[in-house]
Every structure is written in structure tokens, then in C-alpha cells.
Amino acid sequence: MSYNVSVFNTYKYLNHDYKESKELIQWLKKDQTDIYCFQEYYNSDSITKKENSLFQTNKRLGKDKGYYSYTPPFLTNHIKATFGLGIFSKYPIIHQAAIPFKEIGGSETNGIIYCDIKVNSQKVIRVFNCHFQSIVLDNGENQYTSILDKGIKTLKKIYLGTLLREHQFNILYQNILNSPYPVIVCGDFNEPPSAYGYSLINKKLTNSFNEAGQGLGYTLRDLPFRIDQIFHSTSQLKSIDFKVFSENKLSDHYPIRTRITYE
């Protein structure tokens, strides 16, 4: 499963009762997918009267479920809560690594992590979890710029963001080529299938939705786009079904899941 969990709606409900946060975490606790890749992952080990232990997600989604996990902190805030990416697996993780994009000018919580997962005594897969650069536009720009100036600034941001994202995809592609094992790539690509990143990864891997999905496969709750993806090695892995959980509206992204056989 690949799922951008939007920091479990932490900020959306700072002054409320965390109703959707609780529902989202409970939904994941009940689900029994073998491997999860979370983008915009959040964990807080602090216990407050308001939050209780709700956001101890490393424990709730890992140890409490009997899952192995890798959740390197890309960003840590003032209460030592961590942000970034997470991989959770029913199977043992025998190696792991992180590639933060902030070192090449990207956003602090964007990057790649990967885990080598031993699915049985003889087979290992490398699972990549990725979150690529988005286009961050400042709504306040129109307070001090003309329409023309604002348009130029916006186009410049889109252009620079696209260049940065292309560099990030090139890093992923090189890591795919260097993998000693069959690979699965999950993530929030922040661009549609017609763009550079999808086309690049599709040269080497098979897209699970294309192989086993149906319909349009939109992955955003409020916009008709498919920007969340799962790819896999073509020769040894095969997707035999694909599901977009469009009934789950607890994040601004839908969870997506595929079932993969290792031949």
C-alpha cells in the first residue's frame, strides 16, 4: 500500500478533537496489508492531555501490529515529533537507507527511503518509498505584486520545481538500476503520468495500475489526478489486482494497494 497520510491531519485539528486523525490511524491498525509506504508520515512520542498517545504511530502501526518499520526523521519539531516517510512490513527488514532531498535544495520532508525486505527464506525485494517536490505557491504574493508580476513568479516557481523534481527522479532511477534485488517503488510523484518522472521510471519498471487496475484511478480526493504510484520490476514481479480506496476520505490522498506475486 502507498498512502500519503497528510501527517495524520495533525495540524488540521489542532484546536479540535482529532476525530479524523483517530479514524485514519484506526483504519490503518485494522488493515492487514503486508507492506505499507507512507508519505507525509508523522510520529510523536510526547503524551499530552489533548492528544494522549494518539500520534505514537511508530508504536501503534509497528510494534502493536507486529510489523517491522523504518521511519527516519527528515524533520523534527520543537516537541521532538518527527516528519518524513515510513515503511512498515510484516516481513523482516534486513537493510535500510534514506536519501533526503533537502540536501539538493528540496523540501525538508521530501526524499526517498528504501528497505530490503526478506519475504521468505530465499527471496528479498527492495521497496522504495518516495515523496517528490511539489509546487508551493504563496497566496500572499497578490498582496504586493501586480497580476503580471504574480504570474511571472508563479511560472518561475513551477519551472524551478519541475527542474528540481526531474533531478529527484534521476536519483531514484539510478538507485533502481543499482538495486541487487527486484524492486517495488511506491510514492507521491506530485505529477501526472504524462510528466517526466513517470515516463522515466516506466522505462525500467511496470506500473501496477496499468497492469491490474480499472477505471481512471484518481488518487486525489478533491482533484481528478493520478499522482500516487506503485511500480515494480517487470521480470520477476507481477501485479494481479489494484485498488484505489476512494471511500477513504481521511486524507487529501486516497490509499492505493496492489497485490504482487514474486515468480
# chains A, B, ... in the order shown; residues from 1 in each chain; ligands from 1
$ select_by_dssp --residues "region 92-212 of chain A" --states "helix (DSSP H, G or I)" --output "PDB file with C-alpha atoms, in the first residue's frame"
ATOM      1  CA  PHE A 101      16.113  15.766  -0.874  1.00  0.00           C
ATOM      2  CA  LYS A 102      16.779  18.808   1.316  1.00  0.00           C
ATOM      3  CA  GLU A 103      20.477  18.227   0.624  1.00  0.00           C
ATOM      4  CA  ILE A 104      19.873  19.085  -3.055  1.00  0.00           C
ATOM      5  CA  ASN A 139      -1.170  33.044  -1.657  1.00  0.00           C
ATOM      6  CA  GLY A 140       0.127  36.248  -0.123  1.00  0.00           C
ATOM      7  CA  GLU A 141       2.012  37.276  -3.243  1.00  0.00           C
ATOM      8  CA  ASN A 142      -1.042  39.024  -4.658  1.00  0.00           C
ATOM      9  CA  GLN A 143      -0.942  41.483  -1.756  1.00  0.00           C
ATOM     10  CA  ILE A 147      -1.192  40.333 -11.760  1.00  0.00           C
ATOM     11  CA  LEU A 148       1.642  40.192 -14.303  1.00  0.00           C
ATOM     12  CA  ASP A 149       4.334  40.004 -11.623  1.00  0.00           C
ATOM     13  CA  LYS A 150       2.413  37.331  -9.782  1.00  0.00           C
ATOM     14  CA  GLY A 151       2.060  35.322 -12.990  1.00  0.00           C
ATOM     15  CA  ILE A 152       5.784  35.537 -13.697  1.00  0.00           C
ATOM     16  CA  LYS A 153       6.646  34.492 -10.140  1.00  0.00           C
ATOM     17  CA  THR A 154       4.219  31.561 -10.327  1.00  0.00           C
ATOM     18  CA  LEU A 155       5.609  30.358 -13.660  1.00  0.00           C
ATOM     19  CA  LYS A 156       9.132  30.616 -12.284  1.00  0.00           C
ATOM     20  CA  LYS A 157       8.183  28.501  -9.269  1.00  0.00           C
ATOM     21  CA  ILE A 158       6.566  25.885 -11.494  1.00  0.00           C
ATOM     22  CA  TYR A 159       9.637  25.825 -13.742  1.00  0.00           C
ATOM     23  CA  LEU A 160      12.139  25.571 -10.884  1.00  0.00           C
ATOM     24  CA  GLY A 161      10.009  22.980  -9.092  1.00  0.00           C
ATOM     25  CA  THR A 162       9.846  20.891 -12.258  1.00  0.00           C
ATOM     26  CA  LEU A 163      13.627  21.015 -12.704  1.00  0.00           C
ATOM     27  CA  LEU A 164      14.162  20.011  -9.089  1.00  0.00           C
ATOM     28  CA  ARG A 165      11.695  17.150  -9.353  1.00  0.00           C
ATOM     29  CA  GLU A 166      13.416  15.877 -12.517  1.00  0.00           C
ATOM     30  CA  HIS A 167      16.701  15.766 -10.602  1.00  0.00           C
ATOM     31  CA  GLN A 168      14.994  13.838  -7.812  1.00  0.00           C
ATOM     32  CA  PHE A 169      13.565  11.303 -10.265  1.00  0.00           C
ATOM     33  CA  ASN A 170      17.017  10.828 -11.782  1.00  0.00           C
ATOM     34  CA  ILE A 171      18.322   9.944  -8.315  1.00  0.00           C
ATOM     35  CA  LEU A 172      15.562   7.367  -7.880  1.00  0.00           C
ATOM     36  CA  TYR A 173      16.194   5.914 -11.334  1.00  0.00           C
ATOM     37  CA  GLN A 174      19.893   5.433 -10.634  1.00  0.00           C
ATOM     38  CA  ASN A 175      19.078   3.681  -7.358  1.00  0.00           C
ATOM     39  CA  ILE A 176      16.668   1.371  -9.179  1.00  0.00           C
ATOM     40  CA  LEU A 177      19.408   0.454 -11.660  1.00  0.00           C
ATOM     41  CA  ASN A 178      21.829  -0.251  -8.799  1.00  0.00           C
ATOM     42  CA  TYR A 196       8.914  13.309 -16.873  1.00  0.00           C
ATOM     43  CA  GLY A 197       9.171  11.219 -13.709  1.00  0.00           C
ATOM     44  CA  TYR A 198       6.512   8.683 -14.572  1.00  0.00           C
ATOM     45  CA  SER A 199       7.914   8.247 -18.083  1.00  0.00           C
ATOM     46  CA  LEU A 200      11.438   7.748 -16.740  1.00  0.00           C
ATOM     47  CA  ILE A 201      10.502   5.104 -14.167  1.00  0.00           C
ATOM     48  CA  ASN A 202       8.188   3.417 -16.665  1.00  0.00           C
ATOM     49  CA  LYS A 203      11.210   2.740 -18.900  1.00  0.00           C
ATOM     50  CA  LYS A 204      12.530   0.243 -16.369  1.00  0.00           C
ATOM     51  CA  SER A 208       0.723  -1.653 -11.170  1.00  0.00           C
ATOM     52  CA  PHE A 209      -2.361   0.366 -12.104  1.00  0.00           C
ATOM     53  CA  ASN A 210      -1.703  -0.115 -15.804  1.00  0.00           C
ATOM     54  CA  GLU A 211      -1.189  -3.829 -15.250  1.00  0.00           C
ATOM     55  CA  ALA A 212      -4.070  -4.618 -12.908  1.00  0.00           C
TER      56      ALA A 212
END
$ closest_residue --among "A:Leu250, A:Cys130, A:Met1, A:Ile256" --to "Gln32 (chain A)" --atoms "only C-alpha atoms"
A:Met1
$ closest_residue --among "A:Gln39, A:Pro193, A:Phe83, A:Ser121" --to "Tyr254 (chain A)" --atoms "only C-alpha atoms"
A:Gln39
$ select_by_dssp --residues "region 85-210 of chain A" --states "strand (DSSP E or B)" --output "number ranges by chain"
A: 85-89, 93-100, 111-118, 124-131, 183-188, 205-207
$ write_last_selection --atoms "N, CA and C atoms" --output "compact mmCIF listing (two decimals), in the first residue's frame"
# COMPACT_ATOMS: atom_id res chain seq x y z
N LEU A 85 9.00 10.01 5.91
CA LEU A 85 8.50 8.84 5.21
C LEU A 85 8.58 7.63 6.12
N GLY A 86 7.72 6.65 5.87
CA GLY A 86 7.74 5.44 6.68
C GLY A 86 7.44 4.20 5.86
N ILE A 87 8.15 3.12 6.16
CA ILE A 87 7.86 1.80 5.60
C ILE A 87 7.58 0.85 6.75
N PHE A 88 6.47 0.13 6.66
CA PHE A 88 6.09 -0.87 7.65
C PHE A 88 5.90 -2.20 6.92
N SER A 89 6.41 -3.28 7.52
CA SER A 89 6.39 -4.57 6.82
C SER A 89 6.12 -5.72 7.78
N ILE A 93 12.97 -6.64 7.82
CA ILE A 93 13.76 -5.65 7.08
C ILE A 93 15.23 -5.93 7.37
N ILE A 94 16.01 -6.24 6.33
CA ILE A 94 17.40 -6.63 6.55
C ILE A 94 18.39 -5.51 6.21
N HIS A 95 17.90 -4.47 5.56
CA HIS A 95 18.76 -3.32 5.25
C HIS A 95 17.86 -2.13 4.95
N GLN A 96 18.34 -0.93 5.24
CA GLN A 96 17.52 0.27 5.04
C GLN A 96 18.42 1.48 4.81
N ALA A 97 17.89 2.47 4.11
CA ALA A 97 18.66 3.69 3.84
C ALA A 97 17.70 4.83 3.50
N ALA A 98 18.19 6.05 3.69
CA ALA A 98 17.39 7.26 3.42
C ALA A 98 18.18 8.21 2.54
N ILE A 99 17.46 8.88 1.63
CA ILE A 99 18.05 9.89 0.75
C ILE A 99 17.20 11.15 0.85
N PRO A 100 17.48 12.04 1.80
CA PRO A 100 16.70 13.28 1.93
C PRO A 100 16.98 14.23 0.77
N GLY A 111 11.86 13.14 -0.09
CA GLY A 111 13.03 12.29 -0.25
C GLY A 111 12.65 10.89 -0.64
N ILE A 112 13.62 9.99 -0.49
CA ILE A 112 13.45 8.57 -0.77
C ILE A 112 13.96 7.79 0.43
N ILE A 113 13.23 6.77 0.82
CA ILE A 113 13.77 5.76 1.72
C ILE A 113 13.58 4.40 1.05
N TYR A 114 14.42 3.45 1.42
CA TYR A 114 14.19 2.11 0.90
C TYR A 114 14.56 1.07 1.94
N CYS A 115 13.92 -0.09 1.83
CA CYS A 115 14.16 -1.22 2.71
C CYS A 115 14.33 -2.48 1.88
N ASP A 116 15.30 -3.29 2.25
CA ASP A 116 15.41 -4.63 1.69
C ASP A 116 14.63 -5.56 2.60
N ILE A 117 13.59 -6.17 2.04
CA ILE A 117 12.63 -6.95 2.82
C ILE A 117 12.72 -8.41 2.42
N LYS A 118 12.92 -9.26 3.42
CA LYS A 118 13.05 -10.70 3.18
C LYS A 118 11.67 -11.34 3.24
N VAL A 124 14.30 -11.76 -1.55
CA VAL A 124 14.40 -10.42 -0.99
C VAL A 124 13.92 -9.43 -2.05
N ILE A 125 13.18 -8.42 -1.64
CA ILE A 125 12.81 -7.33 -2.54
C ILE A 125 13.29 -6.01 -1.93
N ARG A 126 13.56 -5.05 -2.77
CA ARG A 126 13.90 -3.70 -2.31
C ARG A 126 12.69 -2.80 -2.56
N VAL A 127 12.16 -2.23 -1.49
CA VAL A 127 10.98 -1.37 -1.58
C VAL A 127 11.41 0.08 -1.40
N PHE A 128 11.13 0.90 -2.41
CA PHE A 128 11.41 2.33 -2.36
C PHE A 128 10.12 3.07 -2.01
N ASN A 129 10.22 4.01 -1.10
CA ASN A 129 9.11 4.90 -0.76
C ASN A 129 9.58 6.32 -1.04
N CYS A 130 8.82 7.06 -1.85
CA CYS A 130 9.28 8.35 -2.37
C CYS A 130 8.23 9.44 -2.19
N HIS A 131 8.70 10.64 -1.96
CA HIS A 131 7.83 11.82 -1.98
C HIS A 131 8.59 12.92 -2.70
N VAL A 183 12.59 -4.76 -7.45
CA VAL A 183 12.18 -3.56 -6.72
C VAL A 183 10.69 -3.30 -6.84
N ILE A 184 10.17 -2.65 -5.80
CA ILE A 184 8.84 -2.04 -5.80
C ILE A 184 9.04 -0.57 -5.47
N VAL A 185 8.43 0.30 -6.24
CA VAL A 185 8.51 1.75 -6.00
C VAL A 185 7.12 2.26 -5.68
N CYS A 186 6.98 2.87 -4.52
CA CYS A 186 5.71 3.49 -4.10
C CYS A 186 5.96 4.96 -3.85
N GLY A 187 4.93 5.78 -4.06
CA GLY A 187 5.13 7.16 -3.68
C GLY A 187 4.17 8.16 -4.25
N ASP A 188 4.29 9.36 -3.70
CA ASP A 188 3.57 10.54 -4.17
C ASP A 188 4.48 11.24 -5.17
N LEU A 205 10.44 -0.10 -15.16
CA LEU A 205 9.51 -0.85 -14.33
C LEU A 205 8.12 -0.88 -14.94
N THR A 206 7.26 -1.71 -14.35
CA THR A 206 5.86 -1.82 -14.76
C THR A 206 4.98 -1.10 -13.75
N ASN A 207 4.03 -0.32 -14.24
CA ASN A 207 3.10 0.37 -13.36
C ASN A 207 1.96 -0.57 -12.97
$ closest_atom_pairs --of "region 31-103 of chain A" --to "region 223-234 of chain A" --cutoff "12 Å" --atoms "only C-alpha atoms" --output "JSON lines"
{"residue": "A:Tyr36", "atom": "CA", "partner": "A:Ile230", "partner_atom": "CA", "distance": 11.4}
{"residue": "A:Cys37", "atom": "CA", "partner": "A:Ile230", "partner_atom": "CA", "distance": 10.0}
{"residue": "A:Phe38", "atom": "CA", "partner": "A:Asp228", "partner_atom": "CA", "distance": 11.1}
{"residue": "A:Gln39", "atom": "CA", "partner": "A:Asp228", "partner_atom": "CA", "distance": 10.1}
$ residues_around --residues "Ser44 (chain A)" --least-positions-apart "5" --cutoff "12 Å" --atoms "only C-alpha atoms" --output "ChimeraX atom specification"
/A:7-8,10,51-60,71,73,75-83
$ atom_distance --atom1 "CA of Ile260 (chain A)" --atom2 "CA of Ile240 (chain A)"
6.1 Å
$ closest_residue --among "A:Phe132, A:Tyr262, A:Tyr3, A:Phe74" --to "Thr219 (chain A)" --atoms "only C-alpha atoms"
A:Tyr3
$ atom_distance --atom1 "CA of Tyr41 (chain A)" --atom2 "CA of Val119 (chain A)"
23.9 Å
$ atom_distance --atom1 "CA of His253 (chain A)" --atom2 "CA of Asn4 (chain A)"
5.9 Å
$ decode --residues "region 150-181 of chain A" --atoms "N, CA and C atoms" --output "mmCIF file, in the first residue's frame"
data_model
loop_
_atom_site.group_PDB
_atom_site.id
_atom_site.type_symbol
_atom_site.label_atom_id
_atom_site.label_comp_id
_atom_site.auth_asym_id
_atom_site.auth_seq_id
_atom_site.Cartn_x
_atom_site.Cartn_y
_atom_site.Cartn_z
ATOM 1 N N LYS A 150 2.805 38.568 -10.449
ATOM 2 C CA LYS A 150 2.413 37.331 -9.782
ATOM 3 C C LYS A 150 2.486 36.156 -10.754
ATOM 4 N N GLY A 151 2.016 36.381 -11.990
ATOM 5 C CA GLY A 151 2.060 35.322 -12.990
ATOM 6 C C GLY A 151 3.474 34.890 -13.305
ATOM 7 N N ILE A 152 4.382 35.851 -13.414
ATOM 8 C CA ILE A 152 5.784 35.537 -13.697
ATOM 9 C C ILE A 152 6.400 34.756 -12.545
ATOM 10 N N LYS A 153 6.120 35.196 -11.312
ATOM 11 C CA LYS A 153 6.646 34.492 -10.140
ATOM 12 C C LYS A 153 6.118 33.058 -10.076
ATOM 13 N N THR A 154 4.823 32.889 -10.369
ATOM 14 C CA THR A 154 4.219 31.561 -10.327
ATOM 15 C C THR A 154 4.839 30.648 -11.375
ATOM 16 N N LEU A 155 5.003 31.158 -12.597
ATOM 17 C CA LEU A 155 5.609 30.358 -13.660
ATOM 18 C C LEU A 155 7.045 29.977 -13.313
ATOM 19 N N LYS A 156 7.755 30.904 -12.680
ATOM 20 C CA LYS A 156 9.132 30.616 -12.284
ATOM 21 C C LYS A 156 9.163 29.501 -11.243
ATOM 22 N N LYS A 157 8.234 29.551 -10.285
ATOM 23 C CA LYS A 157 8.183 28.501 -9.269
ATOM 24 C C LYS A 157 7.860 27.147 -9.895
ATOM 25 N N ILE A 158 6.920 27.135 -10.817
ATOM 26 C CA ILE A 158 6.566 25.885 -11.494
ATOM 27 C C ILE A 158 7.772 25.341 -12.258
ATOM 28 N N TYR A 159 8.468 26.231 -12.954
ATOM 29 C CA TYR A 159 9.637 25.825 -13.742
ATOM 30 C C TYR A 159 10.745 25.275 -12.843
ATOM 31 N N LEU A 160 11.073 26.009 -11.779
ATOM 32 C CA LEU A 160 12.139 25.571 -10.884
ATOM 33 C C LEU A 160 11.755 24.290 -10.148
ATOM 34 N N GLY A 161 10.482 24.191 -9.749
ATOM 35 C CA GLY A 161 10.009 22.980 -9.092
ATOM 36 C C GLY A 161 10.089 21.774 -10.005
ATOM 37 N N THR A 162 9.775 21.979 -11.282
ATOM 38 C CA THR A 162 9.846 20.891 -12.258
ATOM 39 C C THR A 162 11.282 20.428 -12.455
ATOM 40 N N LEU A 163 12.217 21.369 -12.556
ATOM 41 C CA LEU A 163 13.627 21.015 -12.704
ATOM 42 C C LEU A 163 14.126 20.234 -11.494
ATOM 43 N N LEU A 164 13.733 20.683 -10.309
ATOM 44 C CA LEU A 164 14.162 20.011 -9.089
ATOM 45 C C LEU A 164 13.592 18.595 -9.022
ATOM 46 N N ARG A 165 12.335 18.466 -9.389
ATOM 47 C CA ARG A 165 11.695 17.150 -9.353
ATOM 48 C C ARG A 165 12.354 16.200 -10.362
ATOM 49 N N GLU A 166 12.724 16.714 -11.530
ATOM 50 C CA GLU A 166 13.416 15.877 -12.517
ATOM 51 C C GLU A 166 14.729 15.349 -11.947
ATOM 52 N N HIS A 167 15.451 16.197 -11.234
ATOM 53 C CA HIS A 167 16.701 15.766 -10.602
ATOM 54 C C HIS A 167 16.421 14.673 -9.576
ATOM 55 N N GLN A 168 15.355 14.834 -8.815
ATOM 56 C CA GLN A 168 14.994 13.838 -7.812
ATOM 57 C C GLN A 168 14.643 12.497 -8.460
ATOM 58 N N PHE A 169 13.906 12.541 -9.557
ATOM 59 C CA PHE A 169 13.565 11.303 -10.265
ATOM 60 C C PHE A 169 14.813 10.627 -10.830
ATOM 61 N N ASN A 170 15.773 11.411 -11.280
ATOM 62 C CA ASN A 170 17.017 10.828 -11.782
ATOM 63 C C ASN A 170 17.759 10.081 -10.675
ATOM 64 N N ILE A 171 17.704 10.620 -9.459
ATOM 65 C CA ILE A 171 18.322 9.944 -8.315
ATOM 66 C C ILE A 171 17.631 8.607 -8.057
ATOM 67 N N LEU A 172 16.301 8.617 -8.065
ATOM 68 C CA LEU A 172 15.562 7.367 -7.880
ATOM 69 C C LEU A 172 15.917 6.363 -8.972
ATOM 70 N N TYR A 173 15.937 6.815 -10.206
ATOM 71 C CA TYR A 173 16.194 5.914 -11.334
ATOM 72 C C TYR A 173 17.560 5.242 -11.198
ATOM 73 N N GLN A 174 18.558 6.008 -10.800
ATOM 74 C CA GLN A 174 19.893 5.433 -10.634
ATOM 75 C C GLN A 174 19.901 4.396 -9.520
ATOM 76 N N ASN A 175 19.162 4.652 -8.452
ATOM 77 C CA ASN A 175 19.078 3.681 -7.358
ATOM 78 C C ASN A 175 18.343 2.411 -7.783
ATOM 79 N N ILE A 176 17.352 2.551 -8.636
ATOM 80 C CA ILE A 176 16.668 1.371 -9.179
ATOM 81 C C ILE A 176 17.652 0.525 -9.983
ATOM 82 N N LEU A 177 18.436 1.172 -10.834
ATOM 83 C CA LEU A 177 19.408 0.454 -11.660
ATOM 84 C C LEU A 177 20.450 -0.258 -10.808
ATOM 85 N N ASN A 178 20.783 0.310 -9.655
ATOM 86 C CA ASN A 178 21.829 -0.251 -8.799
ATOM 87 C C ASN A 178 21.319 -1.311 -7.829
ATOM 88 N N SER A 179 20.015 -1.543 -7.798
ATOM 89 C CA SER A 179 19.461 -2.487 -6.822
ATOM 90 C C SER A 179 19.877 -3.922 -7.135
ATOM 91 N N PRO A 180 20.327 -4.664 -6.126
ATOM 92 C CA PRO A 180 20.672 -6.076 -6.342
ATOM 93 C C PRO A 180 19.453 -6.991 -6.323
ATOM 94 N N TYR A 181 18.277 -6.427 -6.001
ATOM 95 C CA TYR A 181 17.053 -7.217 -5.867
ATOM 96 C C TYR A 181 15.954 -6.652 -6.767
#
